[in-house]
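Text of entry_13.cif, listed as mmCIF, C-alpha atoms and all ligand atoms:
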data_target
loop_
_atom_site.group_PDB
_atom_site.id
_atom_site.type_symbol
_atom_site.label_atom_id
_atom_site.label_comp_id
_atom_site.auth_asym_id
_atom_site.auth_seq_id
_atom_site.Cartn_x
_atom_site.Cartn_y
_atom_site.Cartn_z
ATOM 1 C CA MET A 184 30.630 -2.298 20.409
ATOM 2 C CA SER A 185 31.823 0.132 17.775
ATOM 3 C CA ASN A 186 35.446 -0.079 18.956
ATOM 4 C CA SER A 187 35.730 -3.843 18.766
ATOM 5 C CA VAL A 188 38.143 -5.286 16.275
ATOM 6 C CA MET A 189 37.506 -8.081 13.858
ATOM 7 C CA PRO A 190 38.303 -11.460 15.416
ATOM 8 C CA ILE A 191 41.050 -13.398 13.681
ATOM 9 C CA LEU A 192 39.770 -16.920 13.164
ATOM 10 C CA PRO A 193 40.911 -19.913 11.105
ATOM 11 C CA ALA A 194 39.159 -19.994 7.724
ATOM 12 C CA ASN A 195 37.295 -23.204 8.582
ATOM 13 C CA ARG A 196 35.666 -21.420 11.565
ATOM 14 C CA ILE A 197 34.183 -18.658 9.409
ATOM 15 C CA PRO A 198 30.616 -19.434 8.232
ATOM 16 C CA LYS A 199 30.334 -19.478 4.448
ATOM 17 C CA HIS A 200 26.633 -18.643 4.436
ATOM 18 C CA VAL A 201 24.956 -16.428 7.028
ATOM 19 C CA ALA A 202 21.192 -15.812 7.277
ATOM 20 C CA VAL A 203 19.988 -12.651 9.020
ATOM 21 C CA VAL A 204 16.525 -11.954 10.425
ATOM 22 C CA MET A 205 16.494 -8.184 10.776
ATOM 23 C CA ASP A 206 14.104 -8.027 13.721
ATOM 24 C CA GLY A 207 13.320 -5.199 16.130
ATOM 25 C CA ASN A 208 12.822 -2.172 13.877
ATOM 26 C CA GLY A 209 9.352 -1.476 15.269
ATOM 27 C CA ARG A 210 10.486 -1.702 18.901
ATOM 28 C CA TRP A 211 13.509 0.508 18.194
ATOM 29 C CA ALA A 212 11.207 3.168 16.753
ATOM 30 C CA LYS A 213 8.594 2.841 19.497
ATOM 31 C CA SER A 214 11.165 3.313 22.242
ATOM 32 C CA ARG A 215 12.041 6.654 20.622
ATOM 33 C CA GLY A 216 8.430 7.743 20.117
ATOM 34 C CA LEU A 217 8.845 7.397 16.340
ATOM 35 C CA PRO A 218 6.625 5.670 13.755
ATOM 36 C CA ARG A 219 7.536 2.042 12.940
ATOM 37 C CA THR A 220 8.684 3.100 9.481
ATOM 38 C CA ALA A 221 11.501 5.144 11.058
ATOM 39 C CA GLY A 222 12.819 1.871 12.473
ATOM 40 C CA HIS A 223 12.927 0.306 9.014
ATOM 41 C CA GLU A 224 14.726 3.369 7.677
ATOM 42 C CA ALA A 225 17.327 3.076 10.416
ATOM 43 C CA GLY A 226 17.679 -0.623 9.557
ATOM 44 C CA GLU A 227 19.115 0.131 6.140
ATOM 45 C CA HIS A 228 22.405 1.378 7.563
ATOM 46 C CA ALA A 229 22.622 -1.711 9.783
ATOM 47 C CA LEU A 230 22.207 -4.049 6.808
ATOM 48 C CA PHE A 231 24.917 -2.425 4.720
ATOM 49 C CA ASP A 232 27.325 -2.241 7.662
ATOM 50 C CA VAL A 233 26.747 -5.984 8.128
ATOM 51 C CA VAL A 234 27.368 -6.587 4.406
ATOM 52 C CA GLU A 235 30.704 -4.755 4.668
ATOM 53 C CA GLY A 236 31.624 -6.627 7.847
ATOM 54 C CA ALA A 237 30.725 -9.927 6.189
ATOM 55 C CA ILE A 238 33.063 -9.185 3.292
ATOM 56 C CA GLN A 239 35.860 -8.142 5.655
ATOM 57 C CA ILE A 240 35.716 -11.361 7.646
ATOM 58 C CA GLY A 241 35.330 -13.647 4.629
ATOM 59 C CA VAL A 242 31.647 -14.655 4.589
ATOM 60 C CA LYS A 243 30.723 -15.627 1.015
ATOM 61 C CA GLU A 244 26.926 -15.541 1.106
ATOM 62 C CA LEU A 245 24.417 -13.524 3.137
ATOM 63 C CA SER A 246 20.647 -14.060 3.057
ATOM 64 C CA ALA A 247 18.615 -11.127 4.415
ATOM 65 C CA PHE A 248 14.919 -11.387 5.305
ATOM 66 C CA ALA A 249 13.594 -8.075 3.945
ATOM 67 C CA PHE A 250 9.879 -8.953 3.561
ATOM 68 C CA SER A 251 8.156 -12.205 4.396
ATOM 69 C CA THR A 252 5.089 -13.852 2.862
ATOM 70 C CA GLU A 253 3.458 -13.145 6.268
ATOM 71 C CA ASN A 254 4.320 -9.423 6.290
ATOM 72 C CA TRP A 255 1.265 -8.703 4.083
ATOM 73 C CA LYS A 256 -0.747 -8.983 7.326
ATOM 74 C CA ARG A 257 0.713 -5.685 8.550
ATOM 75 C CA SER A 258 -1.205 -2.419 8.178
ATOM 76 C CA PRO A 259 -1.672 -1.227 4.568
ATOM 77 C CA GLU A 260 0.452 1.830 5.412
ATOM 78 C CA GLU A 261 3.382 -0.259 6.635
ATOM 79 C CA VAL A 262 3.122 -2.683 3.694
ATOM 80 C CA LYS A 263 3.100 0.250 1.289
ATOM 81 C CA PHE A 264 6.096 1.774 3.027
ATOM 82 C CA LEU A 265 8.058 -1.495 2.976
ATOM 83 C CA MET A 266 7.365 -2.037 -0.741
ATOM 84 C CA GLY A 267 8.569 1.437 -1.690
ATOM 85 C CA PHE A 268 11.458 1.189 0.723
ATOM 86 C CA ASN A 269 12.703 -2.125 -0.661
ATOM 87 C CA ARG A 270 12.549 -0.723 -4.187
ATOM 88 C CA ASP A 271 14.366 2.479 -3.219
ATOM 89 C CA VAL A 272 17.070 0.787 -1.138
ATOM 90 C CA ILE A 273 17.932 -1.621 -3.945
ATOM 91 C CA ARG A 274 18.010 1.222 -6.456
ATOM 92 C CA ARG A 275 19.994 3.579 -4.214
ATOM 93 C CA ARG A 276 22.543 0.982 -3.075
ATOM 94 C CA LEU A 277 23.101 -0.784 -6.384
ATOM 95 C CA ASP A 278 26.299 1.016 -7.440
ATOM 96 C CA GLN A 279 27.784 0.656 -3.967
ATOM 97 C CA MET A 280 27.050 -3.087 -3.941
ATOM 98 C CA HIS A 281 28.447 -3.507 -7.431
ATOM 99 C CA ASP A 282 31.645 -1.641 -6.488
ATOM 100 C CA MET A 283 32.078 -3.949 -3.493
ATOM 101 C CA GLY A 284 31.791 -7.021 -5.739
ATOM 102 C CA VAL A 285 28.426 -8.048 -4.284
ATOM 103 C CA ARG A 286 26.206 -10.288 -6.388
ATOM 104 C CA VAL A 287 22.553 -9.548 -5.657
ATOM 105 C CA LYS A 288 19.984 -12.328 -5.963
ATOM 106 C CA TRP A 289 16.284 -12.192 -5.245
ATOM 107 C CA ALA A 290 14.565 -15.024 -3.405
ATOM 108 C CA GLY A 291 10.785 -15.010 -3.085
ATOM 109 C CA ARG A 292 7.508 -15.226 -4.949
ATOM 110 C CA PRO A 293 6.339 -12.540 -7.372
ATOM 111 C CA GLY A 294 2.716 -12.794 -6.070
ATOM 112 C CA LYS A 295 1.525 -9.434 -4.792
ATOM 113 C CA LEU A 296 4.969 -7.821 -4.972
ATOM 114 C CA TRP A 297 4.951 -4.420 -6.637
ATOM 115 C CA GLY A 298 6.145 -4.569 -10.239
ATOM 116 C CA SER A 299 8.635 -1.794 -9.479
ATOM 117 C CA VAL A 300 10.198 -3.882 -6.678
ATOM 118 C CA ILE A 301 10.566 -6.857 -9.013
ATOM 119 C CA SER A 302 12.118 -4.767 -11.755
ATOM 120 C CA GLU A 303 14.674 -3.211 -9.356
ATOM 121 C CA LEU A 304 15.581 -6.670 -8.066
ATOM 122 C CA GLU A 305 15.961 -8.016 -11.597
ATOM 123 C CA ARG A 306 18.048 -5.013 -12.641
ATOM 124 C CA ALA A 307 20.315 -5.562 -9.640
ATOM 125 C CA GLU A 308 20.614 -9.276 -10.437
ATOM 126 C CA GLU A 309 21.567 -8.515 -14.016
ATOM 127 C CA LYS A 310 24.111 -5.809 -13.227
ATOM 128 C CA THR A 311 25.875 -7.789 -10.505
ATOM 129 C CA ALA A 312 25.632 -11.269 -12.074
ATOM 130 C CA LYS A 313 29.394 -11.709 -12.454
ATOM 131 C CA ASN A 314 30.413 -10.440 -9.015
ATOM 132 C CA LYS A 315 32.167 -12.951 -6.808
ATOM 133 C CA VAL A 316 33.106 -11.315 -3.482
ATOM 134 C CA LEU A 317 29.800 -11.994 -1.698
ATOM 135 C CA THR A 318 26.333 -13.116 -2.765
ATOM 136 C CA LEU A 319 23.534 -11.147 -1.109
ATOM 137 C CA ASN A 320 20.211 -12.984 -1.289
ATOM 138 C CA MET A 321 17.501 -10.377 -0.841
ATOM 139 C CA CYS A 322 14.536 -12.356 0.466
ATOM 140 C CA VAL A 323 11.516 -10.300 -0.546
ATOM 141 C CA ASN A 324 8.049 -11.846 -0.364
ATOM 142 C CA TYR A 325 9.902 -14.919 0.819
ATOM 143 C CA GLY A 326 8.607 -17.791 2.942
ATOM 144 C CA GLY A 327 10.399 -21.056 3.649
ATOM 145 C CA ARG A 328 7.296 -23.202 3.204
ATOM 146 C CA SER A 329 6.239 -21.537 -0.038
ATOM 147 C CA GLU A 330 9.785 -21.987 -1.365
ATOM 148 C CA ILE A 331 9.580 -25.731 -0.633
ATOM 149 C CA ILE A 332 6.104 -25.989 -2.194
ATOM 150 C CA ASP A 333 7.238 -24.146 -5.337
ATOM 151 C CA ALA A 334 10.243 -26.460 -5.612
ATOM 152 C CA ALA A 335 8.036 -29.537 -5.211
ATOM 153 C CA VAL A 336 5.621 -28.310 -7.896
ATOM 154 C CA GLU A 337 8.451 -27.639 -10.351
ATOM 155 C CA LEU A 338 10.037 -30.991 -9.610
ATOM 156 C CA ALA A 339 6.691 -32.767 -10.120
ATOM 157 C CA SER A 340 6.358 -31.053 -13.463
ATOM 158 C CA ASP A 341 9.868 -32.202 -14.482
ATOM 159 C CA ILE A 342 8.986 -35.737 -13.402
ATOM 160 C CA LYS A 343 5.844 -35.608 -15.543
ATOM 161 C CA LYS A 344 7.926 -34.458 -18.504
ATOM 162 C CA LYS A 345 10.313 -37.354 -17.782
ATOM 163 C CA ARG A 346 13.212 -34.963 -17.241
ATOM 164 C CA VAL A 347 13.776 -36.343 -13.745
ATOM 165 C CA ASN A 348 13.641 -39.923 -12.558
ATOM 166 C CA PRO A 349 11.672 -39.922 -9.255
ATOM 167 C CA GLU A 350 13.770 -42.874 -8.021
ATOM 168 C CA LYS A 351 16.832 -40.669 -8.140
ATOM 169 C CA ILE A 352 15.771 -37.600 -6.191
ATOM 170 C CA SER A 353 18.471 -36.791 -3.665
ATOM 171 C CA GLU A 354 18.611 -33.926 -1.153
ATOM 172 C CA LYS A 355 21.076 -32.242 -3.504
ATOM 173 C CA LYS A 356 18.699 -32.641 -6.455
ATOM 174 C CA PHE A 357 15.751 -31.230 -4.491
ATOM 175 C CA GLY A 358 17.917 -28.349 -3.281
ATOM 176 C CA GLU A 359 18.532 -27.326 -6.893
ATOM 177 C CA TYR A 360 14.836 -26.471 -7.208
ATOM 178 C CA LEU A 361 14.946 -24.004 -4.328
ATOM 179 C CA ASN A 362 15.565 -20.258 -4.683
ATOM 180 C CA ILE A 363 18.588 -20.613 -2.417
ATOM 181 C CA PRO A 364 20.305 -23.985 -2.822
ATOM 182 C CA SER A 365 23.121 -23.640 -0.278
ATOM 183 C CA ASP A 366 22.951 -24.612 3.400
ATOM 184 C CA ILE A 367 23.051 -21.963 6.114
ATOM 185 C CA ASP A 368 26.013 -22.196 8.487
ATOM 186 C CA LEU A 369 25.058 -19.370 10.840
ATOM 187 C CA PHE A 370 21.472 -18.200 11.428
ATOM 188 C CA LEU A 371 21.496 -14.823 13.150
ATOM 189 C CA ARG A 372 18.421 -13.099 14.509
ATOM 190 C CA SER A 373 18.460 -9.722 16.218
ATOM 191 C CA SER A 374 16.147 -8.301 18.896
ATOM 192 C CA GLY A 375 16.304 -11.160 21.394
ATOM 193 C CA GLU A 376 13.422 -13.112 19.807
ATOM 194 C CA GLU A 377 14.322 -16.776 19.388
ATOM 195 C CA ARG A 378 12.375 -18.039 16.381
ATOM 196 C CA ILE A 379 12.988 -19.180 12.811
ATOM 197 C CA SER A 380 9.792 -17.466 11.505
ATOM 198 C CA ASN A 381 9.547 -19.515 8.303
ATOM 199 C CA PHE A 382 12.976 -18.340 7.064
ATOM 200 C CA LEU A 383 15.035 -20.778 4.962
ATOM 201 C CA LEU A 384 13.467 -23.869 6.528
ATOM 202 C CA TRP A 385 15.222 -26.383 4.284
ATOM 203 C CA GLN A 386 18.578 -24.617 4.443
ATOM 204 C CA VAL A 387 18.777 -24.275 8.263
ATOM 205 C CA ALA A 388 18.836 -28.059 8.798
ATOM 206 C CA TYR A 389 22.319 -27.958 10.376
ATOM 207 C CA ALA A 390 22.724 -24.236 10.978
ATOM 208 C CA GLU A 391 24.067 -22.874 14.222
ATOM 209 C CA LEU A 392 21.449 -20.545 15.692
ATOM 210 C CA VAL A 393 22.666 -17.334 17.331
ATOM 211 C CA PHE A 394 20.223 -14.851 18.840
ATOM 212 C CA MET A 395 21.592 -11.405 19.671
ATOM 213 C CA ASP A 396 19.849 -9.135 22.134
ATOM 214 C CA VAL A 397 20.238 -6.022 19.965
ATOM 215 C CA LEU A 398 17.436 -4.330 18.001
ATOM 216 C CA TRP A 399 18.169 -4.429 14.267
ATOM 217 C CA PRO A 400 18.786 -0.672 13.761
ATOM 218 C CA ASP A 401 21.526 -0.907 16.441
ATOM 219 C CA VAL A 402 23.202 -3.884 14.758
ATOM 220 C CA ARG A 403 26.633 -3.187 13.277
ATOM 221 C CA ARG A 404 29.329 -5.304 11.682
ATOM 222 C CA GLU A 405 30.689 -5.915 15.214
ATOM 223 C CA THR A 406 27.415 -7.669 16.078
ATOM 224 C CA LEU A 407 27.984 -10.038 13.147
ATOM 225 C CA TRP A 408 31.601 -10.584 14.208
ATOM 226 C CA LYS A 409 30.497 -11.375 17.765
ATOM 227 C CA ALA A 410 27.971 -13.891 16.406
ATOM 228 C CA ILE A 411 30.726 -15.424 14.264
ATOM 229 C CA GLU A 412 32.951 -15.728 17.343
ATOM 230 C CA ILE A 413 30.136 -17.591 19.109
ATOM 231 C CA TYR A 414 29.678 -19.758 15.997
ATOM 232 C CA SER A 415 33.406 -20.520 15.845
ATOM 233 C CA GLN A 416 33.257 -21.973 19.355
ATOM 234 C CA ARG A 417 30.401 -24.355 18.563
ATOM 235 C CA GLU A 418 31.119 -27.954 17.727
ATOM 236 C CA ARG A 419 29.300 -28.902 14.533
ATOM 237 C CA ARG A 420 28.792 -32.629 14.285
ATOM 238 C CA PHE A 421 26.257 -32.976 11.452
ATOM 239 C CA GLY A 422 24.833 -36.085 13.083
ATOM 240 C CA ASN A 423 28.226 -37.684 13.802
ATOM 241 C CA ALA A 424 29.111 -38.821 17.315
HETATM 242 C C1 LIG B 1 11.341 -6.725 11.288
HETATM 243 O O1 LIG B 1 11.214 -5.799 12.351
HETATM 244 C C2 LIG B 1 11.675 -6.042 10.062
HETATM 245 C C3 LIG B 1 11.019 -6.148 8.878
HETATM 246 C C4 LIG B 1 9.789 -6.928 8.664
HETATM 247 C C5 LIG B 1 11.486 -5.433 7.704
HETATM 248 C C6 LIG B 1 12.938 -5.616 7.443
HETATM 249 C C7 LIG B 1 13.461 -4.374 6.852
HETATM 250 C C8 LIG B 1 14.618 -3.785 7.244
HETATM 251 C C9 LIG B 1 15.513 -4.308 8.274
HETATM 252 C C10 LIG B 1 15.094 -2.539 6.666
HETATM 253 C C11 LIG B 1 16.175 -2.786 5.696
HETATM 254 C C12 LIG B 1 15.462 -3.208 4.502
HETATM 255 C C13 LIG B 1 15.954 -3.286 3.331
HETATM 256 C C14 LIG B 1 15.067 -3.447 2.185
HETATM 257 C C15 LIG B 1 17.353 -3.190 3.103
HETATM 258 P P1 LIG B 1 9.774 -5.571 12.972
HETATM 259 O O2 LIG B 1 9.099 -4.532 12.170
HETATM 260 O O3 LIG B 1 9.077 -6.893 13.031
HETATM 261 O O4 LIG B 1 10.129 -5.050 14.404
HETATM 262 P P2 LIG B 1 9.363 -5.397 15.773
HETATM 263 O O5 LIG B 1 9.486 -6.882 15.960
HETATM 264 O O6 LIG B 1 10.140 -4.625 16.799
HETATM 265 O O7 LIG B 1 7.948 -4.914 15.616
#

Show me this structure written as structure tokens.
Amino acid sequence: MSNSVMPILPANRIPKHVAVVMDGNGRWAKSRGLPRTAGHEAGEHALFDVVEGAIQIGVKELSAFAFSTENWKRSPEEVKFLMGFNRDVIRRRLDQMHDMGVRVKWAGRPGKLWGSVISELERAEEKTAKNKVLTLNMCVNYGGRSEIIDAAVELASDIKKKRVNPEKISEKKFGEYLNIPSDIDLFLRSSGEERISNFLLWQVAYAELVFMDVLWPDVRRETLWKAIEIYSQRERRFGNA
């Protein structure tokens, strides 16, 4: 894989917005006799290689599932590791992302998230707010259903305050209340599992789903490019005949 070159594709065949489910860290670690946390650590390099590959090929927005609203069910040790790890990765990678022109955005609920994770995410959002090369949505304590519920609650409150006319709620209007308003073009999940797992439920309505049989720590930019090649060969009809 590492020797493959970037495919040259017409601009209209490159997905604007890619969602990645970074799955398979635990299995990668287990197969090496390592603790699960070693798999997450190895996943950091994969994510940033994918970010670089996304920029090279012309993707404009990448949404990465770093911690789900369901991940609190994991062992307290793993949850604690993932909290600290998210905070440290964002802190450690901030200058690199800024230099690459990446705009970092956080999607998710504050809820039980560590204060230090929230403050690193907010610092990253602030520092990179004007960057235009690629938007990286870090989905931390994110769940698709909770995002839709939160949007509905906020919209209901705006209706009550007469800021919004309920007769005039369009899909576009509702989308504005979500953390991530833009549609997903390509939904990529690693590890061979074929599930959405409550990721970006509203936004995947017309996404092309591509499942790669590679564990996340082994994913590289070439894996993204291969998925984009598969995507470019799909016929997207959006309900048309
Ligand atoms: C899923 O693999 C992975 C996660 C729940 C955590 C995602 C974190 C990373 C990919 C590391 C990079 C993170 C940041 C913050 C940049 P799994 O643990 O469910 O693996 P398994 O399905 O093999 O058990």

### Task
Determine the nearest neighbour of Asp282 in chain A from the options A:Glu260, A:Glu359, A:Glu235, A:Asp341, counting all atoms listed in the file.
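Nearest to Asp282 in chain A: A:Glu235.
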
Given 10 Å and all atoms listed in the file, residues near ligand LIG 1 (chain B) as a PDB file with C-alpha atoms, in the coordinates of the input:
ATOM      1  CA  VAL A 203      19.988 -12.651   9.020  1.00  0.00           C
ATOM      2  CA  VAL A 204      16.525 -11.954  10.425  1.00  0.00           C
ATOM      3  CA  MET A 205      16.494  -8.184  10.776  1.00  0.00           C
ATOM      4  CA  ASP A 206      14.104  -8.027  13.721  1.00  0.00           C
ATOM      5  CA  GLY A 207      13.320  -5.199  16.130  1.00  0.00           C
ATOM      6  CA  ASN A 208      12.822  -2.172  13.877  1.00  0.00           C
ATOM      7  CA  GLY A 209       9.352  -1.476  15.269  1.00  0.00           C
ATOM      8  CA  ARG A 210      10.486  -1.702  18.901  1.00  0.00           C
ATOM      9  CA  TRP A 211      13.509   0.508  18.194  1.00  0.00           C
ATOM     10  CA  ALA A 212      11.207   3.168  16.753  1.00  0.00           C
ATOM     11  CA  LYS A 213       8.594   2.841  19.497  1.00  0.00           C
ATOM     12  CA  SER A 214      11.165   3.313  22.242  1.00  0.00           C
ATOM     13  CA  ARG A 219       7.536   2.042  12.940  1.00  0.00           C
ATOM     14  CA  THR A 220       8.684   3.100   9.481  1.00  0.00           C
ATOM     15  CA  ALA A 221      11.501   5.144  11.058  1.00  0.00           C
ATOM     16  CA  GLY A 222      12.819   1.871  12.473  1.00  0.00           C
ATOM     17  CA  HIS A 223      12.927   0.306   9.014  1.00  0.00           C
ATOM     18  CA  GLU A 224      14.726   3.369   7.677  1.00  0.00           C
ATOM     19  CA  ALA A 225      17.327   3.076  10.416  1.00  0.00           C
ATOM     20  CA  GLY A 226      17.679  -0.623   9.557  1.00  0.00           C
ATOM     21  CA  GLU A 227      19.115   0.131   6.140  1.00  0.00           C
ATOM     22  CA  HIS A 228      22.405   1.378   7.563  1.00  0.00           C
ATOM     23  CA  ALA A 229      22.622  -1.711   9.783  1.00  0.00           C
ATOM     24  CA  LEU A 230      22.207  -4.049   6.808  1.00  0.00           C
ATOM     25  CA  PHE A 231      24.917  -2.425   4.720  1.00  0.00           C
ATOM     26  CA  ALA A 247      18.615 -11.127   4.415  1.00  0.00           C
ATOM     27  CA  PHE A 248      14.919 -11.387   5.305  1.00  0.00           C
ATOM     28  CA  ALA A 249      13.594  -8.075   3.945  1.00  0.00           C
ATOM     29  CA  PHE A 250       9.879  -8.953   3.561  1.00  0.00           C
ATOM     30  CA  SER A 251       8.156 -12.205   4.396  1.00  0.00           C
ATOM     31  CA  GLU A 253       3.458 -13.145   6.268  1.00  0.00           C
ATOM     32  CA  ASN A 254       4.320  -9.423   6.290  1.00  0.00           C
ATOM     33  CA  TRP A 255       1.265  -8.703   4.083  1.00  0.00           C
ATOM     34  CA  ARG A 257       0.713  -5.685   8.550  1.00  0.00           C
ATOM     35  CA  GLU A 261       3.382  -0.259   6.635  1.00  0.00           C
ATOM     36  CA  VAL A 262       3.122  -2.683   3.694  1.00  0.00           C
ATOM     37  CA  LEU A 265       8.058  -1.495   2.976  1.00  0.00           C
ATOM     38  CA  MET A 266       7.365  -2.037  -0.741  1.00  0.00           C
ATOM     39  CA  GLY A 267       8.569   1.437  -1.690  1.00  0.00           C
ATOM     40  CA  PHE A 268      11.458   1.189   0.723  1.00  0.00           C
ATOM     41  CA  ASN A 269      12.703  -2.125  -0.661  1.00  0.00           C
ATOM     42  CA  ARG A 270      12.549  -0.723  -4.187  1.00  0.00           C
ATOM     43  CA  ASP A 271      14.366   2.479  -3.219  1.00  0.00           C
ATOM     44  CA  VAL A 272      17.070   0.787  -1.138  1.00  0.00           C
ATOM     45  CA  ILE A 273      17.932  -1.621  -3.945  1.00  0.00           C
ATOM     46  CA  ARG A 276      22.543   0.982  -3.075  1.00  0.00           C
ATOM     47  CA  MET A 321      17.501 -10.377  -0.841  1.00  0.00           C
ATOM     48  CA  CYS A 322      14.536 -12.356   0.466  1.00  0.00           C
ATOM     49  CA  VAL A 323      11.516 -10.300  -0.546  1.00  0.00           C
ATOM     50  CA  SER A 373      18.460  -9.722  16.218  1.00  0.00           C
ATOM     51  CA  SER A 374      16.147  -8.301  18.896  1.00  0.00           C
ATOM     52  CA  GLY A 375      16.304 -11.160  21.394  1.00  0.00           C
ATOM     53  CA  GLU A 376      13.422 -13.112  19.807  1.00  0.00           C
ATOM     54  CA  LEU A 398      17.436  -4.330  18.001  1.00  0.00           C
ATOM     55  CA  TRP A 399      18.169  -4.429  14.267  1.00  0.00           C
ATOM     56  CA  PRO A 400      18.786  -0.672  13.761  1.00  0.00           C
TER      57      PRO A 400
END

### Query
Just so the selection is clear, what residues does the PyMOL selection byres (((chain A and resi 283-287) around 6) and not hetatm) cover here, as a ChimeraX atom specification?
/A:280-282,288,308,311-312,314,316-319

### Task
Please write the residues picked by the PyMOL selection byres (((chain A and resi 331-336) around 8) and not hetatm) on this file as an NGL selection string.
:A and (327-330 or 337-340 or 357 or 360-361 or 385)

#### Entry: Atomic separation - CA of Arg420 in chain A relative to CA of Val402 in chain A, Å
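Going from CA of Val402 in chain A over to CA of Arg420 in chain A covers 29.3 Å.
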
#### Entry: For CA of Arg292 in chain A and CA of Thr252 in chain A, the interatomic separation in Å (one decimal)
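Calculated distance between CA of Arg292 in chain A and CA of Thr252 in chain A is 8.3 Å.
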
Report, as AutoDock Vina command-line options, the centre and edge lengths in Å (one decimal) of the axis-aligned box enclosing every listed atom of range 234-245 of chain A, padded by 3 Å on each side.
--center_x 30.1 --center_y -10.2 --center_z 4.4 --size_x 17.4 --size_y 16.9 --size_z 12.8

### Query
When you draw a straight line from CA of Leu384 in chain A to CA of Ile352 in chain A, how long is it in Å?
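These two atoms are separated by 18.9 Å.
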
### Task
Evaluate the PyMOL selection byres (((chain A and resi 391) around 6) and not hetatm) on the structure here and hand back the selected residues as JSON, numbers by chain.
{"A": [369, 390, 392]}

Selected residues written out with C-alpha atoms, as a PDB file, in the coordinates of the input:
ATOM      1  CA  LEU A 369      25.058 -19.370  10.840  1.00  0.00           C
ATOM      2  CA  ALA A 390      22.724 -24.236  10.978  1.00  0.00           C
ATOM      3  CA  LEU A 392      21.449 -20.545  15.692  1.00  0.00           C
TER       4      LEU A 392
END

### Query
Restricting the calculation to all atoms listed in the file, which member of A:Gly326, A:Ile379, A:Gln386, A:Ala194 is positioned closest to Lys355 in chain A?
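Distance minimum relative to Lys355 in chain A lands on A:Gln386.
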
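Compared by their closest atoms to Glu244 in chain A, and using all atoms listed in the file, the residues A:Ile197, A:Val397, A:Leu277, A:Ile191 rank with A:Ile197 nearest.
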
### Task
Find the residue from A:Pro198, A:Gly216, A:Gly241, A:Pro190 that sits nearest to Lys315 in chain A; use all atoms listed in the file when measuring.
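Ranked by minimum distance to Lys315 in chain A, first place goes to A:Gly241.
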